[in-house]
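Containing compact mmCIF, C-alpha atoms: work.txt.
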# COMPACT_ATOMS: atom_id res chain seq x y z
CA MET A 1 0.00 0.00 0.00
CA HIS A 2 1.30 3.42 -0.94
CA ASN A 3 -0.62 5.18 1.79
CA LEU A 4 0.25 4.33 5.39
CA LEU A 5 -3.27 4.69 6.77
CA LEU A 6 -4.81 2.66 3.96
CA GLY A 7 -2.17 0.03 4.71
CA VAL A 8 -3.54 -0.06 8.25
CA ALA A 9 -7.03 -0.48 6.79
CA LYS A 10 -5.90 -3.45 4.71
CA THR A 11 -4.13 -5.03 7.68
CA GLN A 12 -7.22 -4.68 9.85
CA TRP A 13 -9.69 -5.96 7.28
CA TYR A 14 -7.73 -8.69 5.52
CA SER A 15 -5.09 -9.85 8.01
CA GLN A 16 -7.03 -9.43 11.26
CA TRP A 17 -10.61 -10.16 10.20
CA ILE A 18 -10.65 -12.18 6.97
CA LYS A 19 -7.61 -14.46 7.29
CA THR A 20 -8.40 -15.24 10.94
CA ASN A 21 -12.08 -16.01 10.18
CA THR A 22 -13.30 -13.27 12.46
CA LEU A 23 -15.66 -12.42 9.62
CA ARG A 24 -16.85 -15.78 8.29
CA ALA A 25 -18.68 -16.92 5.19
CA ASP A 26 -22.04 -18.69 5.44
CA THR A 27 -22.50 -22.40 5.98
CA ASP A 28 -25.41 -24.48 4.70
CA LYS A 29 -27.24 -23.99 7.99
CA PHE A 30 -26.07 -20.67 9.39
CA SER A 31 -25.88 -17.09 8.18
CA ARG A 32 -22.63 -15.52 9.30
CA GLU A 33 -20.82 -12.20 9.37
CA LEU A 34 -19.80 -11.81 5.73
CA SER A 35 -23.27 -12.46 4.35
CA PHE A 36 -24.57 -9.90 6.85
CA ILE A 37 -22.17 -7.38 5.31
CA HIS A 38 -23.05 -8.47 1.76
CA LYS A 39 -26.77 -7.98 2.35
CA PHE A 40 -26.04 -4.50 3.65
CA MET A 41 -23.89 -3.70 0.60
CA GLU A 42 -26.73 -4.73 -1.72
CA SER A 43 -28.84 -1.88 -0.36
CA TYR A 44 -26.04 0.64 0.22
CA GLU A 45 -26.18 3.55 -2.21
CA SER A 46 -23.52 6.16 -2.87
CA PRO A 47 -22.74 8.61 -5.69
CA LEU A 48 -20.43 7.31 -8.40
CA TRP A 49 -17.74 9.84 -7.54
CA ALA A 50 -17.53 8.44 -3.99
CA GLY A 51 -16.47 4.98 -5.15
CA ASN A 52 -17.84 1.45 -5.18
CA LEU A 53 -17.15 -1.92 -3.65
CA SER A 54 -17.60 -5.53 -4.72
CA MET A 55 -20.78 -7.14 -3.43
CA ARG A 56 -18.71 -10.21 -2.49
CA VAL A 57 -16.05 -8.33 -0.55
CA GLY A 58 -14.15 -10.57 1.85
CA GLU A 59 -14.54 -13.68 -0.33
CA PRO A 60 -12.27 -14.89 -3.17
CA ALA A 61 -15.01 -13.97 -5.65
CA GLY A 62 -14.76 -10.36 -4.50
CA GLY A 63 -11.10 -10.06 -5.51
CA SER A 64 -8.48 -7.93 -3.81
CA LEU A 65 -9.26 -4.32 -2.95
CA THR A 66 -7.43 -1.31 -4.31
CA ALA A 67 -6.35 1.66 -2.20
CA ASP A 68 -9.34 3.68 -3.44
CA GLU A 69 -11.71 0.84 -2.51
CA TYR A 70 -10.25 0.64 1.00
CA LYS A 71 -10.64 4.40 1.38
CA PHE A 72 -14.26 4.24 0.25
CA ALA A 73 -15.06 1.22 2.43
CA VAL A 74 -13.52 2.54 5.65
CA THR A 75 -14.98 6.04 5.37
CA GLY A 76 -18.37 4.82 4.14
CA PRO A 77 -20.16 1.46 4.41
CA TRP A 78 -17.83 -0.34 6.84
CA ALA A 79 -18.10 2.50 9.34
CA ILE A 80 -21.84 1.81 9.40
CA ILE A 81 -22.01 -1.98 9.27
CA ILE A 82 -19.02 -3.10 11.40
CA PRO A 83 -20.53 -1.92 14.73
CA ILE A 84 -23.79 -3.67 13.80
CA VAL A 85 -21.89 -6.89 13.01
CA TRP A 86 -20.20 -6.74 16.41
CA GLU A 87 -23.51 -6.14 18.16
CA ARG A 88 -25.08 -9.07 16.31
CA PHE A 89 -22.29 -11.66 16.59
CA LEU A 90 -20.13 -10.78 19.62
CA ALA A 91 -22.18 -12.88 22.06
CA GLU A 92 -21.92 -15.89 19.74
CA SER A 93 -18.16 -15.37 19.53
CA ASP A 94 -17.87 -15.25 23.32
CA THR A 95 -19.86 -18.49 23.63
CA ASP A 96 -17.65 -20.21 21.05
CA TYR A 97 -14.54 -18.98 22.85
CA GLU A 98 -15.65 -20.33 26.22
CA ALA A 99 -16.45 -23.71 24.65
CA ALA A 100 -13.06 -23.77 22.93
CA LYS A 101 -11.30 -23.02 26.22
CA ARG A 102 -13.09 -25.89 27.93
CA ARG A 103 -12.11 -28.30 25.14
CA TRP A 104 -8.53 -27.08 25.31
CA THR A 105 -8.42 -27.55 29.08
CA ARG A 106 -9.78 -31.09 28.81
CA THR A 107 -7.71 -32.43 25.92
CA GLY A 108 -5.91 -29.78 23.88
CA LYS A 109 -3.49 -28.62 26.56
CA ALA A 110 -2.14 -32.12 27.11
CA LYS A 111 -1.65 -32.54 23.35
CA GLY A 112 0.35 -29.32 23.13
CA GLU A 113 -2.27 -27.45 21.12
CA ASP A 114 -2.22 -23.65 21.08
CA LYS A 115 -4.49 -21.99 23.60
CA PRO A 116 -7.59 -20.65 21.81
CA SER A 117 -8.19 -16.94 21.44
CA PRO A 118 -11.48 -15.07 21.00
CA ARG A 119 -12.61 -14.61 17.42
CA MET A 120 -14.14 -11.18 18.11
CA VAL A 121 -12.94 -8.76 20.78
CA ALA A 122 -15.24 -6.35 22.59
CA GLY A 123 -14.42 -2.75 21.72
CA GLU A 124 -12.75 -3.62 18.43
CA ASP A 125 -15.64 -2.05 16.53
CA THR A 126 -15.23 1.17 18.53
CA ASN A 127 -11.53 1.31 17.73
CA PHE A 128 -12.35 0.78 14.06
CA LEU A 129 -14.79 3.69 14.16
CA ARG A 130 -12.09 5.88 15.69
CA PHE A 131 -9.73 4.88 12.91
CA ALA A 132 -12.38 5.51 10.24
CA THR A 133 -13.09 8.94 11.70
CA ALA A 134 -9.41 9.85 11.79
CA LEU A 135 -8.93 8.67 8.20
CA LYS A 136 -11.92 10.66 7.00
CA ILE A 137 -10.73 13.83 8.74
CA ILE A 138 -7.21 13.45 7.36
CA ILE A 139 -8.43 12.81 3.81
CA TYR A 140 -11.34 15.22 3.64
CA GLY A 141 -11.01 17.70 6.49
CA PRO A 142 -10.02 21.15 5.14
CA ASP A 143 -7.95 21.97 8.20
CA ALA A 144 -6.54 18.51 8.79
CA ILE A 145 -5.04 17.56 5.43
CA MET A 146 -1.42 16.62 6.01
CA PRO A 147 1.31 15.82 3.47
CA ASN A 148 1.76 12.10 2.98
CA HIS A 149 5.50 11.39 2.96
CA HIS A 150 7.39 8.21 2.28
CA TRP A 151 10.71 7.88 4.04
CA ALA A 152 12.24 7.54 0.60
CA VAL A 153 15.81 8.73 1.07
CA HIS A 154 16.90 6.70 -1.97
CA VAL A 155 14.98 8.89 -4.43
CA PRO A 156 17.65 11.63 -4.90
CA ASP A 157 20.27 9.03 -5.86
CA GLN A 158 17.84 7.38 -8.26
CA LEU A 159 17.07 10.73 -9.89
CA VAL A 160 20.78 11.22 -10.51
CA ASP A 161 21.16 7.70 -11.89
CA TYR A 162 18.00 7.42 -13.99
CA GLY A 163 16.70 10.93 -14.63
CA PRO A 164 13.13 12.21 -14.03
CA VAL A 165 11.05 9.90 -11.89
CA TYR A 166 8.42 9.28 -14.58
CA ASN A 167 11.13 7.50 -16.60
CA PHE A 168 11.32 4.64 -14.11
CA TRP A 169 8.29 4.71 -11.83
CA ALA A 170 6.27 1.51 -11.47
CA PHE A 171 2.75 2.84 -12.01
CA LEU A 172 2.36 1.18 -15.43
CA THR A 173 3.68 -2.14 -14.14
CA GLU A 174 1.42 -2.02 -11.09
CA ARG A 175 -1.57 -1.26 -13.31
CA LEU A 176 -0.72 -4.23 -15.55
CA ASN A 177 -0.40 -6.47 -12.48
CA LYS A 178 -3.88 -5.44 -11.38
CA LEU A 179 -5.21 -6.07 -14.88
CA LEU A 180 -3.69 -9.56 -14.99
CA LYS A 181 -4.97 -10.44 -11.52
CA ASN A 182 -8.52 -9.60 -12.60
CA LEU A 183 -8.44 -11.80 -15.70
CA ASN A 184 -10.73 -14.80 -15.64
CA SER A 185 -8.75 -18.00 -15.08
CA ASN A 186 -11.81 -20.15 -14.25
CA ASN A 187 -10.10 -21.07 -10.96
CA TRP A 188 -7.62 -23.14 -12.96
CA THR A 189 -4.80 -24.34 -10.71
CA GLY A 190 -3.79 -27.55 -12.45
CA GLY A 191 -1.27 -26.16 -14.90
CA GLU A 192 0.64 -23.09 -15.98
CA LEU A 193 -1.43 -20.17 -14.79
CA GLU A 194 0.72 -17.73 -16.74
CA VAL A 195 -0.43 -19.30 -20.02
CA SER A 196 -4.09 -19.00 -19.02
CA MET A 197 -3.58 -15.36 -18.01
CA MET A 198 -1.85 -14.44 -21.27
CA ARG A 199 -4.51 -16.18 -23.36
CA GLU A 200 -7.21 -14.22 -21.55
CA PHE A 201 -5.18 -11.01 -21.88
CA HIS A 202 -4.77 -11.44 -25.65
CA ARG A 203 -8.43 -12.43 -26.02
CA LYS A 204 -9.51 -9.26 -24.22
CA ALA A 205 -7.07 -7.14 -26.25
CA ALA A 206 -8.44 -8.63 -29.48
CA VAL A 207 -12.03 -7.88 -28.46
CA ASP A 208 -11.12 -4.31 -27.49
CA SER A 209 -9.35 -3.82 -30.81
CA MET A 210 -12.32 -5.18 -32.75
CA VAL A 211 -14.77 -2.94 -30.92
CA SER A 212 -12.56 0.11 -31.47
CA HIS A 213 -12.22 -0.73 -35.18
CA LEU A 214 -15.98 -1.11 -35.59
CA HIS A 215 -16.58 2.15 -33.76
CA LEU A 216 -14.19 4.03 -36.05
CA ASN A 217 -15.78 2.57 -39.17
CA VAL A 218 -19.42 3.24 -38.35
CA PRO A 219 -20.95 5.13 -41.30
CA GLN A 220 -21.73 8.71 -40.43
CA ASP A 221 -25.05 10.26 -41.40
CA ASP A 222 -24.80 13.16 -43.83

Spit out the file's structure as C-alpha cells when you get a sec.
Amino acid sequence: MHNLLLGVAKTQWYSQWIKTNTLRADTDKFSRELSFIHKFMESYESPLWAGNLSMRVGEPAGGSLTADEYKFAVTGPWAIIIPIVWERFLAESDTDYEAAKRRWTRTGKAKGEDKPSPRMVAGEDTNFLRFATALKIIIYGPDAIMPNHHWAVHVPDQLVDYGPVYNFWAFLTERLNKLLKNLNSNNWTGGELEVSMMREFHRKAAVDSMVSHLHLNVPQDD
C-alpha cells in the first residue's frame, strides 16, 4: 500500500478479520458475518464519484481491494455496518470462545495445542470507528489535510542515476499487475497459470481492438 493509513485499513480488514475467520462466510445452515455485510452492501447507495465496492467483498469472488476501494469502504459502508456486526455476533463469539477453552483444558493442553483466542474482541468495533473517523478527517477535512510522505531517502540518488522519476516509476507495471490479476482463469490451478492469463489477456485485447475498429468505421449520417 502506498498510503500508510490505507495500509492499516488493509491489515485490519484482511489480516485481522478475513484471514483469521473473524468475519466468516455462510454455511449451509447458518448465516454468518460476511453475508450480513453483503446484504447491507446490496442496499447501500452512494454517488459514483464516492467509489464502489464488490458485493462479495471478503470472499475470493470479490477479488483484492485497491487503495481507493479501502478508502471508500472505511470512510463509508464499513463505518456503518461493522458496529452492527459486532452487536449481532459478539455474544456468539464469546460463547464459542468459552467452549473452545473448555475443550482445550480437557484435551488440547495435554496434546500441546495452542491456547484458543477469541474470534471477536469487545471494543474492536469502537476502535475501528475511531480509525475511520481519523482517516476521513485526514483525507477530507479542510484543516486537517497533512502531506503524505514516504521515508524515501533513496529517491535523490535514483534521480541522478536514472533521470526524471516518470522515466522509471512503477505505475504502469502495477496497473498491468492489477489487470492480470482480474483476468478470468476459471479457478484453474492444475497447470501453468501464466499461459491462461496471457490467453485471456490477448483475447480481451483482441475484443477491445475489434470494438474500437468497428466504432471508427461506423458510417456517419450526412

request  = Quick one: everything within 12 Å of Arg32 of chain A, counting all atoms listed in the file, minus sequence neighbours fewer than 4 positions away in the same chain. Send it as a PyMOL selection string.
outcome  = chain A and resi 21-28+36-39+85-86+88-90+92-93

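Distance annotation: of A:Ala132, A:Ala170, A:Ala122, A:Met41, the residue with the minimal separation from Gln12 of chain A is A:Ala132; atom set is all atoms listed in the file.
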
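Using only C-alpha atoms for every distance, the candidate list A:Gly51, A:Gly163, A:Pro83, A:Gly112 yields A:Gly51 as the residue closest to Asp68 of chain A.
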
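Rounded to one decimal, atom CA of Pro77 of chain A and atom CA of Tyr44 of chain A lie 7.3 Å from each other.
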
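In this model, the gap between atom CA of Leu176 of chain A and atom CA of Ala50 of chain A comes to 24.0 Å.
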
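Minimum distance to Ser117 of chain A across A:Ile138, A:Glu194, A:Ser64, A:Thr20 (counting only C-alpha atoms) occurs at A:Thr20.
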
Two-atom distance - atom CA of Ala100 of chain A, atom CA of Leu129 of chain A (Å) = 28.9 Å

request  = Can you pull out every residue within 9 Å of Val155 of chain A, counting all atoms listed in the file, but drop anything in the same chain fewer than 4 positions away, and send it as a PyMOL selection string?
outcome  = chain A and resi 159-160+165

What's the 12 Å shell around segment 45-47 of chain A, counting only C-alpha atoms, without same-chain residues fewer than 4 positions away, as an mmCIF file with C-alpha atoms, in the frame of the given file?
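Wrote around.cif, looks like this:
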data_model
loop_
_atom_site.group_PDB
_atom_site.id
_atom_site.type_symbol
_atom_site.label_atom_id
_atom_site.label_comp_id
_atom_site.auth_asym_id
_atom_site.auth_seq_id
_atom_site.Cartn_x
_atom_site.Cartn_y
_atom_site.Cartn_z
ATOM 1 C CA PHE A 40 -26.040 -4.500 3.650
ATOM 2 C CA MET A 41 -23.890 -3.700 0.600
ATOM 3 C CA GLY A 51 -16.470 4.980 -5.150
ATOM 4 C CA ASN A 52 -17.840 1.450 -5.180
ATOM 5 C CA LEU A 53 -17.150 -1.920 -3.650
ATOM 6 C CA PHE A 72 -14.260 4.240 0.250
ATOM 7 C CA ALA A 73 -15.060 1.220 2.430
ATOM 8 C CA THR A 75 -14.980 6.040 5.370
ATOM 9 C CA GLY A 76 -18.370 4.820 4.140
ATOM 10 C CA PRO A 77 -20.160 1.460 4.410
#

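Taking all atoms listed in the file into account, Arg102 of chain A lies nearest to A:Pro116 out of the set A:Gly63, A:Pro116, A:Asp157, A:Ile82.
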
Kindly provide, as AutoDock Vina command-line options, the centre and edge lengths (Å, one decimal) of an axis-aligned box around all atoms of segment 196-211 of chain A given in the file, with 5 Å on each side.
--center_x -8.3 --center_y -11.0 --center_z -25.4 --size_x 22.9 --size_y 26.1 --size_z 24.7

inquiry  = Given the point (-12.9, 5.4, 9.6) in the coordinates of this file, which residues lie within 9 Å, counting all atoms listed in the file, and how would they look as a PyMOL selection string?
reply    = chain A and resi 9+71+73-76+78-79+128-137

C-alpha atoms of the current selection, written as a PDB file, in the frame of the given file:
ATOM      1  CA  ALA A   9      -7.030  -0.480   6.790  1.00  0.00           C
ATOM      2  CA  LYS A  71     -10.640   4.400   1.380  1.00  0.00           C
ATOM      3  CA  ALA A  73     -15.060   1.220   2.430  1.00  0.00           C
ATOM      4  CA  VAL A  74     -13.520   2.540   5.650  1.00  0.00           C
ATOM      5  CA  THR A  75     -14.980   6.040   5.370  1.00  0.00           C
ATOM      6  CA  GLY A  76     -18.370   4.820   4.140  1.00  0.00           C
ATOM      7  CA  TRP A  78     -17.830  -0.340   6.840  1.00  0.00           C
ATOM      8  CA  ALA A  79     -18.100   2.500   9.340  1.00  0.00           C
ATOM      9  CA  PHE A 128     -12.350   0.780  14.060  1.00  0.00           C
ATOM     10  CA  LEU A 129     -14.790   3.690  14.160  1.00  0.00           C
ATOM     11  CA  ARG A 130     -12.090   5.880  15.690  1.00  0.00           C
ATOM     12  CA  PHE A 131      -9.730   4.880  12.910  1.00  0.00           C
ATOM     13  CA  ALA A 132     -12.380   5.510  10.240  1.00  0.00           C
ATOM     14  CA  THR A 133     -13.090   8.940  11.700  1.00  0.00           C
ATOM     15  CA  ALA A 134      -9.410   9.850  11.790  1.00  0.00           C
ATOM     16  CA  LEU A 135      -8.930   8.670   8.200  1.00  0.00           C
ATOM     17  CA  LYS A 136     -11.920  10.660   7.000  1.00  0.00           C
ATOM     18  CA  ILE A 137     -10.730  13.830   8.740  1.00  0.00           C
TER      19      ILE A 137
END

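With all atoms listed in the file as the basis for measurement, A:Ile81 is the residue among A:Ile81, A:Leu65, A:Leu48, A:Val207 that approaches Ser35 of chain A most closely.
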
query = Taking into account all atoms listed in the file, which residue in the set A:Glu174, A:Asp96, A:Asp114, A:Asp208 is nearest to Thr66 of chain A?
reply = A:Glu174
